[in-house]
$ cat upload.cif   # mmCIF, C-alpha atoms and all ligand atoms
data_input
#
loop_
_atom_site.label_atom_id
_atom_site.label_comp_id
_atom_site.auth_asym_id
_atom_site.auth_seq_id
_atom_site.Cartn_x
_atom_site.Cartn_y
_atom_site.Cartn_z
CA MET M 18 11.55 19.90 -12.71
CA ALA M 19 12.43 19.06 -16.30
CA ARG M 20 15.80 17.46 -16.89
CA THR M 21 17.74 18.49 -19.95
CA ASP M 22 17.92 15.53 -22.29
CA ARG M 23 21.45 14.18 -22.61
CA THR M 24 21.38 13.67 -26.38
CA THR M 25 19.60 16.90 -27.28
CA THR M 26 19.43 20.17 -25.37
CA GLU M 27 15.63 20.03 -25.29
CA PRO M 28 14.07 19.76 -21.82
CA VAL M 29 12.05 16.56 -21.43
CA ASP M 30 8.28 17.13 -21.35
CA PRO M 31 7.33 16.13 -17.75
CA GLU M 32 4.44 14.03 -19.08
CA LEU M 33 7.02 11.99 -21.01
CA GLN M 34 9.55 11.63 -18.20
CA VAL M 35 10.53 8.01 -17.64
CA VAL M 36 10.81 7.14 -13.94
CA LEU M 37 12.36 3.93 -12.65
CA GLY M 38 10.69 3.06 -9.32
CA ILE M 39 12.21 0.76 -6.69
CA GLU M 40 10.35 -0.70 -3.69
CA SER M 41 12.00 -2.69 -0.89
CA SER M 42 10.35 -1.53 2.34
CA CYS M 43 9.18 -4.93 3.53
CA ASP M 44 9.04 -8.38 1.90
CA GLU M 45 8.59 -7.53 -1.79
CA THR M 46 11.51 -6.58 -4.01
CA ALA M 47 9.93 -4.56 -6.81
CA ALA M 48 10.90 -2.36 -9.74
CA ALA M 49 8.77 -0.58 -12.33
CA VAL M 50 9.07 1.80 -15.23
CA VAL M 51 6.38 4.50 -15.38
CA VAL M 52 6.06 7.32 -17.93
CA GLY M 53 4.66 10.58 -16.56
CA PRO M 54 2.39 10.18 -13.51
CA THR M 55 0.24 7.27 -14.67
CA THR M 56 1.49 5.20 -17.63
CA VAL M 57 2.89 1.90 -16.32
CA ARG M 58 5.32 0.38 -18.83
CA SER M 59 6.38 -2.48 -16.54
CA SER M 60 5.90 -3.56 -12.93
CA VAL M 61 7.90 -6.49 -11.56
CA VAL M 62 7.34 -7.80 -8.02
CA SER M 63 9.50 -10.55 -6.51
CA SER M 64 7.73 -11.77 -3.38
CA GLN M 65 9.61 -13.25 -0.42
CA ILE M 66 6.47 -14.77 1.10
CA ALA M 67 7.76 -18.35 0.76
CA MET M 68 10.94 -17.44 2.66
CA HIS M 69 9.09 -15.86 5.60
CA ALA M 70 6.05 -18.17 5.76
CA PRO M 71 7.76 -20.84 7.94
CA PHE M 72 8.36 -18.13 10.57
CA GLY M 73 4.76 -16.86 10.53
CA GLY M 74 5.82 -13.31 9.65
CA VAL M 75 8.52 -11.20 8.01
CA VAL M 76 12.04 -11.80 9.43
CA PRO M 77 13.91 -8.49 8.90
CA GLU M 78 17.36 -10.08 8.54
CA ILE M 79 16.14 -12.53 5.87
CA ALA M 80 14.27 -9.73 4.07
CA GLY M 81 17.32 -7.48 3.85
CA ARG M 82 19.53 -10.23 2.45
CA ALA M 83 16.90 -11.31 -0.07
CA HIS M 84 16.55 -7.71 -1.33
CA VAL M 85 20.32 -7.59 -1.92
CA ASP M 86 20.14 -10.83 -3.95
CA ARG M 87 17.13 -9.79 -6.00
CA ILE M 88 17.31 -6.04 -6.55
CA ILE M 89 19.49 -6.02 -9.67
CA PRO M 90 17.67 -8.90 -11.46
CA VAL M 91 14.31 -7.28 -10.66
CA VAL M 92 15.39 -3.84 -11.95
CA THR M 93 16.86 -5.47 -15.07
CA GLN M 94 13.62 -7.35 -15.73
CA ALA M 95 11.53 -4.20 -15.29
CA MET M 96 13.71 -2.32 -17.78
CA VAL M 97 13.72 -5.14 -20.32
CA GLU M 98 9.94 -5.52 -20.09
CA ALA M 99 9.51 -1.75 -20.55
CA GLY M 100 11.93 -1.75 -23.50
CA VAL M 101 14.16 0.95 -21.98
CA ASP M 102 17.81 1.22 -21.03
CA GLY M 103 19.66 3.63 -18.76
CA ARG M 104 19.76 6.33 -21.45
CA ASP M 105 15.96 6.50 -21.48
CA VAL M 106 15.51 6.95 -17.72
CA ASP M 107 14.87 10.52 -16.51
CA ALA M 108 14.72 9.87 -12.75
CA VAL M 109 15.06 7.05 -10.23
CA ALA M 110 12.66 6.88 -7.25
CA ALA M 111 12.89 4.55 -4.27
CA THR M 112 10.87 4.06 -1.09
CA ALA M 113 12.82 5.83 1.68
CA GLY M 114 10.38 4.98 4.50
CA PRO M 115 8.48 3.85 6.44
CA GLY M 116 9.54 0.21 6.58
CA LEU M 117 12.27 -2.14 7.75
CA ILE M 118 15.49 -0.13 7.85
CA GLY M 119 17.77 -2.88 6.47
CA SER M 120 15.34 -3.46 3.60
CA LEU M 121 14.79 0.22 2.83
CA LEU M 122 18.53 0.87 2.62
CA VAL M 123 18.96 -1.74 -0.12
CA GLY M 124 16.45 -0.02 -2.43
CA VAL M 125 17.69 3.49 -1.56
CA ALA M 126 21.34 2.56 -2.17
CA ALA M 127 20.52 0.89 -5.48
CA ALA M 128 18.42 3.86 -6.64
CA LYS M 129 21.17 6.35 -5.77
CA ALA M 130 23.76 4.25 -7.60
CA PHE M 131 21.61 4.12 -10.76
CA ALA M 132 20.89 7.86 -10.52
CA LEU M 133 24.58 8.63 -10.15
CA VAL M 134 25.66 6.41 -13.06
CA TRP M 135 22.92 7.66 -15.40
CA ASP M 136 23.32 11.27 -14.18
CA VAL M 137 19.63 11.73 -13.41
CA PRO M 138 17.75 12.89 -10.28
CA TYR M 139 17.15 10.54 -7.34
CA VAL M 140 13.85 10.86 -5.45
CA GLY M 141 13.29 9.35 -1.98
CA VAL M 142 9.59 8.52 -1.68
CA ASN M 143 7.22 8.02 1.27
CA HIS M 144 5.72 4.52 0.95
CA LEU M 145 2.34 5.72 2.27
CA GLU M 146 2.24 8.49 -0.31
CA ALA M 147 3.02 5.87 -2.95
CA HIS M 148 0.01 3.76 -1.89
CA LEU M 149 -2.14 6.89 -2.32
CA CYS M 150 -0.92 7.22 -5.94
CA ALA M 151 -2.00 3.66 -6.80
CA PRO M 152 -5.65 4.44 -7.71
CA SER M 153 -4.59 6.80 -10.51
CA LEU M 154 -2.39 4.12 -12.11
CA ASP M 155 -5.51 2.14 -12.99
CA GLU M 156 -7.78 5.16 -13.51
CA PRO M 157 -5.64 8.16 -14.56
CA ASP M 158 -8.42 10.71 -14.04
CA VAL M 159 -8.89 9.72 -10.39
CA GLY M 160 -7.00 11.94 -7.98
CA PRO M 161 -7.18 14.61 -5.30
CA PRO M 162 -9.17 16.05 -3.69
CA MET M 163 -10.40 12.78 -2.18
CA VAL M 164 -10.65 10.88 1.06
CA ALA M 165 -8.66 7.65 1.05
CA LEU M 166 -8.53 4.65 3.33
CA LEU M 167 -4.97 3.37 3.52
CA VAL M 168 -4.96 -0.13 4.97
CA SER M 169 -1.82 -2.23 4.98
CA GLY M 170 0.16 -4.57 7.22
CA GLY M 171 1.68 -1.66 9.10
CA HIS M 172 -0.81 1.20 8.70
CA THR M 173 -4.49 2.02 8.89
CA LEU M 174 -5.18 5.64 8.04
CA VAL M 175 -8.14 7.73 6.94
CA VAL M 176 -6.55 10.49 4.88
CA HIS M 177 -7.93 13.66 3.34
CA VAL M 178 -5.80 13.97 0.21
CA GLN M 179 -6.21 17.66 -0.57
CA ASP M 180 -3.67 17.59 -3.38
CA HIS M 181 -0.57 15.61 -4.34
CA GLY M 182 1.80 16.09 -1.40
CA ARG M 183 -0.89 17.76 0.76
CA TYR M 184 -2.43 15.38 3.26
CA GLU M 185 -4.48 15.64 6.40
CA VAL M 186 -4.62 12.45 8.45
CA LEU M 187 -8.16 12.40 9.83
CA GLY M 188 -7.92 9.16 11.75
CA GLY M 189 -5.95 6.00 12.29
CA THR M 190 -5.68 2.88 14.35
CA ILE M 191 -4.88 3.33 18.01
CA ASP M 192 -3.37 -0.18 18.22
CA ASP M 193 -3.03 -2.88 15.52
CA ALA M 194 -3.14 -2.09 11.80
CA ALA M 195 -5.96 -3.81 9.88
CA GLY M 196 -3.53 -6.08 8.00
CA GLU M 197 -1.78 -6.93 11.26
CA ALA M 198 -5.16 -8.00 12.70
CA PHE M 199 -5.79 -10.22 9.65
CA ASP M 200 -2.30 -11.72 9.99
CA LYS M 201 -2.56 -12.32 13.76
CA VAL M 202 -6.04 -13.86 13.60
CA ALA M 203 -5.03 -16.06 10.65
CA ARG M 204 -1.99 -17.22 12.56
CA PHE M 205 -4.13 -18.09 15.58
CA LEU M 206 -6.54 -20.01 13.32
CA GLY M 207 -3.61 -21.88 11.75
CA LEU M 208 -4.20 -20.41 8.29
CA GLY M 209 -0.59 -19.46 7.59
CA TYR M 210 1.11 -16.24 6.46
CA PRO M 211 0.13 -13.77 5.06
CA GLY M 212 -3.21 -13.99 6.80
CA GLY M 213 -5.29 -11.52 4.80
CA PRO M 214 -5.58 -13.55 1.58
CA ALA M 215 -6.12 -16.78 3.59
CA ILE M 216 -9.02 -15.30 5.58
CA ASP M 217 -10.46 -13.70 2.43
CA LEU M 218 -10.52 -17.11 0.73
CA LEU M 219 -11.90 -19.09 3.67
CA ALA M 220 -14.55 -16.47 4.53
CA VAL M 221 -16.37 -17.25 1.28
CA GLN M 222 -17.41 -20.60 2.79
CA GLY M 223 -18.48 -19.11 6.15
CA ASP M 224 -21.44 -17.18 7.55
CA PRO M 225 -20.48 -13.55 8.32
CA GLU M 226 -23.35 -13.34 10.81
CA ALA M 227 -22.53 -16.55 12.67
CA ILE M 228 -20.66 -14.69 15.44
CA ARG M 229 -21.29 -11.05 16.36
CA PHE M 230 -17.75 -9.81 17.00
CA PRO M 231 -17.29 -6.28 18.47
CA ARG M 232 -16.99 -3.22 16.24
CA ALA M 233 -14.81 -0.94 18.39
CA MET M 234 -15.41 2.82 18.25
CA LEU M 235 -17.93 2.36 15.42
CA HIS M 236 -20.13 5.29 16.35
CA GLU M 237 -17.52 7.95 17.05
CA GLY M 238 -14.87 9.83 15.08
CA TYR M 239 -12.42 8.46 12.55
CA ASP M 240 -10.01 6.49 14.75
CA LEU M 241 -10.03 2.70 14.78
CA SER M 242 -9.02 -0.15 17.09
CA PHE M 243 -8.54 -3.82 16.24
CA SER M 244 -6.79 -5.33 19.23
CA GLY M 245 -10.07 -5.97 21.13
CA LEU M 246 -11.49 -7.73 18.07
CA LYS M 247 -8.45 -9.99 17.86
CA THR M 248 -8.83 -10.87 21.57
CA ALA M 249 -12.57 -11.52 21.07
CA VAL M 250 -11.79 -13.98 18.26
CA ILE M 251 -9.26 -15.83 20.42
CA ARG M 252 -11.67 -15.99 23.39
CA HIS M 253 -14.54 -17.20 21.22
CA VAL M 254 -12.51 -19.99 19.62
CA ARG M 255 -11.15 -21.13 22.99
CA ALA M 256 -14.66 -21.16 24.47
CA HIS M 257 -16.11 -22.98 21.40
CA PRO M 258 -13.39 -25.38 20.19
CA ASP M 259 -15.77 -26.99 17.66
CA VAL M 260 -16.67 -23.71 15.97
CA ASP M 261 -16.48 -23.72 12.15
CA THR M 262 -13.24 -21.87 11.25
CA ALA M 263 -14.86 -20.52 8.08
CA ASP M 264 -17.61 -18.90 10.21
CA VAL M 265 -14.93 -17.33 12.43
CA ALA M 266 -13.04 -16.02 9.39
CA ALA M 267 -16.21 -14.63 7.78
CA SER M 268 -17.47 -13.02 11.01
CA PHE M 269 -14.05 -11.50 11.81
CA GLN M 270 -13.69 -10.12 8.28
CA ALA M 271 -17.22 -8.67 8.41
CA ALA M 272 -16.38 -6.85 11.65
CA VAL M 273 -13.16 -5.36 10.24
CA VAL M 274 -14.80 -4.28 7.00
CA ASP M 275 -17.82 -2.82 8.78
CA VAL M 276 -15.61 -0.51 10.83
CA LEU M 277 -13.32 0.44 7.93
CA VAL M 278 -16.16 1.38 5.59
CA THR M 279 -18.11 3.22 8.29
CA LYS M 280 -15.10 5.37 9.26
CA LEU M 281 -14.11 6.13 5.68
CA MET M 282 -17.59 7.18 4.63
CA ARG M 283 -18.11 9.29 7.79
CA ALA M 284 -14.87 11.15 7.09
CA ALA M 285 -15.75 11.60 3.41
CA ARG M 286 -19.19 13.00 4.27
CA ASP M 287 -17.78 15.33 6.92
CA VAL M 288 -15.16 16.92 4.64
CA GLY M 289 -17.60 17.07 1.72
CA ALA M 290 -15.53 14.74 -0.47
CA THR M 291 -16.90 13.69 -3.84
CA THR M 292 -14.24 10.99 -4.42
CA VAL M 293 -13.24 8.13 -2.14
CA ALA M 294 -10.37 5.72 -2.71
CA LEU M 295 -8.81 2.59 -1.24
CA GLY M 296 -5.11 1.78 -0.97
CA GLY M 297 -2.73 -0.69 0.69
CA GLY M 298 -2.60 -4.48 0.84
CA VAL M 299 -5.87 -4.94 2.76
CA ALA M 300 -7.65 -3.10 -0.08
CA ALA M 301 -7.21 -6.39 -1.97
CA ASN M 302 -9.87 -7.87 0.35
CA SER M 303 -12.96 -8.99 -1.59
CA LEU M 304 -15.55 -7.97 1.01
CA LEU M 305 -13.92 -4.58 1.63
CA ARG M 306 -13.91 -3.85 -2.11
CA GLU M 307 -17.57 -4.85 -2.44
CA ARG M 308 -18.81 -2.96 0.62
CA PHE M 309 -16.73 0.11 -0.27
CA LEU M 310 -18.22 0.28 -3.78
CA ASP M 311 -21.77 -0.20 -2.43
CA ALA M 312 -21.26 2.55 0.17
CA ALA M 313 -19.88 4.99 -2.41
CA VAL M 314 -22.86 4.38 -4.71
CA ALA M 315 -25.26 4.87 -1.79
CA GLU M 316 -23.57 8.21 -0.95
CA GLY M 317 -23.38 9.33 -4.58
CA MET M 318 -19.58 9.55 -4.43
CA ARG M 319 -17.07 8.60 -7.07
CA SER M 320 -15.06 5.59 -5.97
CA SER M 321 -11.71 4.19 -6.94
CA VAL M 322 -10.38 0.76 -6.05
CA PRO M 323 -6.95 -0.11 -7.45
CA SER M 324 -6.45 -3.52 -9.04
CA ARG M 325 -5.22 -6.09 -6.51
CA ALA M 326 -1.69 -5.87 -7.96
CA MET M 327 -1.64 -2.11 -7.34
CA CYS M 328 -3.08 -2.47 -3.79
CA THR M 329 -0.26 -4.65 -2.49
CA ASP M 330 3.34 -3.40 -2.46
CA ASN M 331 4.69 -2.60 -5.93
CA ALA M 332 7.14 -0.15 -7.49
CA ALA M 333 4.80 1.44 -10.04
CA MET M 334 3.17 3.41 -7.23
CA VAL M 335 6.65 4.43 -6.02
CA ALA M 336 7.60 5.70 -9.50
CA ALA M 337 4.30 7.65 -9.69
CA ALA M 338 4.83 9.23 -6.27
CA GLY M 339 8.42 10.01 -7.32
CA TRP M 340 7.17 11.77 -10.46
CA TRP M 341 4.81 14.01 -8.46
CA GLN M 342 7.48 14.78 -5.89
CA LEU M 343 10.02 15.63 -8.59
CA GLN M 344 7.62 18.15 -10.15
CA ALA M 345 6.81 19.76 -6.77
CA GLU M 346 10.10 19.65 -4.88
CA GLY M 347 12.83 18.56 -7.27
CA PRO M 348 15.36 15.80 -6.57
CA THR M 349 16.29 14.38 -3.17
CA SER M 350 19.89 14.87 -2.09
CA LEU M 351 22.10 11.84 -2.61
CA SER M 352 23.04 12.20 1.05
CA GLY M 353 19.38 11.62 2.05
CA GLY M 354 18.93 8.39 3.98
CA ALA M 355 16.02 6.12 4.89
CA ASP M 356 13.58 6.63 7.77
CA PRO M 357 11.83 3.53 9.15
CA ASN M 358 9.27 5.73 10.95
CA LEU M 359 8.53 8.24 8.18
CA ARG M 360 5.03 9.71 8.57
CA LEU M 361 2.55 10.95 6.02
CA ALA M 362 1.77 14.30 7.55
O1 LIG M 401 0.56 -2.90 1.54
P1 LIG M 401 1.09 -4.26 1.82
O2 LIG M 401 1.36 -5.19 0.66
O3 LIG M 401 2.41 -4.18 2.67
C1 LIG M 401 2.57 -3.23 3.67
O4 LIG M 401 2.95 -2.07 3.33
O5 LIG M 401 2.25 -3.59 4.83
O6 LIG M 401 0.05 -4.96 2.84
C2 LIG M 401 0.26 -6.24 3.36
C3 LIG M 401 -0.95 -6.60 4.23
C4 LIG M 401 -0.78 -7.94 4.99
O7 LIG M 401 -1.14 -7.73 6.33
C5 LIG M 401 -1.77 -8.86 4.28
O8 LIG M 401 -2.30 -9.87 5.14
C6 LIG M 401 -2.84 -7.89 3.85
O9 LIG M 401 -2.13 -6.74 3.41
N1 LIG M 401 -3.65 -8.41 2.73
C7 LIG M 401 -4.97 -8.67 2.84
C8 LIG M 401 -5.36 -9.25 1.60
N2 LIG M 401 -4.26 -9.29 0.78
C9 LIG M 401 -3.22 -8.77 1.50
N3 LIG M 401 -5.83 -8.49 3.86
C10 LIG M 401 -7.11 -8.88 3.67
N4 LIG M 401 -7.55 -9.46 2.52
C11 LIG M 401 -6.72 -9.65 1.47
N5 LIG M 401 -7.17 -10.20 0.35
ZN ZN M 402 2.61 -1.12 1.60
#
$ encode --input "upload.cif" --output "structure tokens" --more "lines below"
Ligand code: KG4
Ligand code: ZN
Amino acid sequence: MARTDRTTTEPVDPELQVVLGIESSCDETAAAVVVGPTTVRSSVVSSQIAMHAPFGGVVPEIAGRAHVDRIIPVVTQAMVEAGVDGRDVDAVAATAGPGLIGSLLVGVAAAKAFALVWDVPYVGVNHLEAHLCAPSLDEPDVGPPMVALLVSGGHTLVVHVQDHGRYEVLGGTIDDAAGEAFDKVARFLGLGYPGGPAIDLLAVQGDPEAIRFPRAMLHEGYDLSFSGLKTAVIRHVRAHPDVDTADVAASFQAAVVDVLVTKLMRAARDVGATTVALGGGVAANSLLRERFLDAAVAEGMRSSVPSRAMCTDNAAMVAAAGWWQLQAEGPTSLSGGADPNLRLA
């Protein structure tokens, strides 16, 4: 939908619509200004990692309070860096789920307030859909149809993205998410929180073939399972207390990546996809990025890996998803709430 500009009566060209995005679903308070579906003018992320690290994971109560403290400064910084003020903004998008309810409500309430004051549409966005928009922020001509692997702290999904807003979930984890497995194993190994980056870093010094950890469900379908792998790591370390932690990290990471890449490429082949993409925080993993690119080349498929900043939670992807949703469905009602269990399809 094209809003009528407030200073002229001309409708704003959708490609020039300025969307303020707000993300607060977990432990990052983020705001971004994006023009049209892909031009990022600013993207500010205020991480709460230091606040949660002593607890070994995200503490919902602390997260919600920190979002309240940070949301206005973060939005202000994003607007200053983009060189825009409220009169330039054509829509405000915020993550409305899935995520921590107390955290989601902070971003949603802020977005509605800005939309109301500036008299522009509000758009409540699905966080998973936002992750799927991230590849096109770095490479604007990458987009549906494609098969994407969405791997984050809370989700692991193999998705056939038929078009913007049209998704078929082909497979997913039946227990832990990939990022959750990284975080739990890192915690067990005493590597701190968040575990993914710590394991990624340590694995460089280890031998990925030192320990042959299980690859659950490798040869069948598109579903995944990581809880057996986590248990295997714990058992191995307890049975071999002198084992080199770097070898454990490298062997664990190799097992996770092996399964992720195998499932993604199987799904892509089966639906006849010509483009494959990665999204979500775990897509920042060095080995996954390398193996994914190699596999796509081997299959003759086009591949897209977002920059690390666009893989982990940010608001530019929320603004982009908001733009697409606005074109397809129009604004979200200001009475719309937040849904901690929102699904993709
Ligand atoms: O998408 P995201 O920032 O937040 C959620 O929506 O969950 O993903 C966070 C997850 C955490 O589990 C973190 O350990 C993992 O992404 N992660 C990584 C890496 N960087 C972040 N996992 C493996 N390797 C990394 N380099
Ligand atoms: Zn996320």
$ residues_near_ligand --input "upload.cif" --ligand "ligand LIG 401 (chain M)" --cutoff "7 Å" --atoms "all atoms listed in the file" --output "MDAnalysis selection string"
chainID M and resid 43 169:172 196:197 199:200 211:214 216:217 297:303 328:330
$ closest_residue --input "upload.cif" --among "M:Gly289, M:Pro54, M:Gly347, M:Pro71" --to "M:Pro157" --atoms "all atoms listed in the file"
M:Pro54
$ axis_aligned_box --input "upload.cif" --around "stretch 231-240 of chain M" --padding-each-side "3 Å" --output "AutoDock Vina command-line options"
--center_x -15.1 --center_y 1.8 --center_z 15.5 --size_x 16.1 --size_y 22.1 --size_z 11.9
$ residues_around --input "upload.cif" --residues "stretch 140-156 of chain M" --least-positions-apart "4" --cutoff "6 Å" --atoms "all atoms listed in the file" --output "MDAnalysis selection string"
chainID M and resid 55 110:114 296:297 323 327 334:335 338:339 348:349
$ atom_distance --input "upload.cif" --atom1 "atom CA of M:Val97" --atom2 "atom CA of M:Ser42"
23.2 Å
$ closest_residue --input "upload.cif" --among "M:Leu174, M:Ala227, M:Ala336, M:Leu277" --to "M:Val106" --atoms "only C-alpha atoms"
M:Ala336
$ residues_around --input "upload.cif" --residues "M:Ala130" --least-positions-apart "4" --cutoff "12 Å" --atoms "all atoms listed in the file" --output "PyMOL selection string"
chain M and resi 89+103+108-111+122-126+134-139+351-352
$ atom_distance --input "upload.cif" --atom1 "atom CA of M:Ser64" --atom2 "atom CA of M:Gly116"
15.7 Å
$ closest_residue --input "upload.cif" --among "M:Leu295, M:Val92, M:Val36, M:Ala194" --to "M:Ala48" --atoms "only C-alpha atoms"
M:Val92
$ residues_near_point --input "upload.cif" --point "(-11.6, 9.0, -4.2)" --cutoff "6 Å" --atoms "only C-alpha atoms" --output "list in words"
Met163, Val164, Thr292, Val293, Ala294, Ser320 and Ser321 of chain M
$ write_last_selection --input "upload.cif" --atoms "C-alpha atoms" --output "CSV table (one decimal), in the coordinates of the input"
chain,number,residue,atom,x,y,z
M,163,MET,CA,-10.4,12.8,-2.2
M,164,VAL,CA,-10.6,10.9,1.1
M,292,THR,CA,-14.2,11.0,-4.4
M,293,VAL,CA,-13.2,8.1,-2.1
M,294,ALA,CA,-10.4,5.7,-2.7
M,320,SER,CA,-15.1,5.6,-6.0
M,321,SER,CA,-11.7,4.2,-6.9
$ residues_around --input "upload.cif" --residues "M:Val51" --least-positions-apart "6" --cutoff "6 Å" --atoms "only C-alpha atoms" --output "list in words"
Val35, Val36, Val57 and Arg58 of chain M
$ atom_distance --input "upload.cif" --atom1 "atom CA of M:Ser63" --atom2 "atom CA of M:Ala220"
27.1 Å
$ closest_residue --input "upload.cif" --among "M:Ala127, M:Leu241, M:Leu117, M:Leu310" --to "ligand ZN 402 (chain M)" --atoms "all atoms listed in the file"
M:Leu117
$ closest_residue --input "upload.cif" --among "M:Pro31, M:Phe72, M:Gln65, M:Ala83" --to "M:Gly53" --atoms "all atoms listed in the file"
M:Pro31
$ closest_residue --input "upload.cif" --among "M:Ile79, M:Asp30, M:Gly100, M:Glu185" --to "M:Ala49" --atoms "all atoms listed in the file"
M:Gly100
$ residues_around --input "upload.cif" --residues "M:Met234" --least-positions-apart "5" --cutoff "12 Å" --atoms "only C-alpha atoms" --output "JSON, numbers by chain"
{"M": [188, 189, 190, 191, 239, 240, 241, 242, 243, 244, 245, 246, 272, 273, 275, 276, 277, 279, 280]}
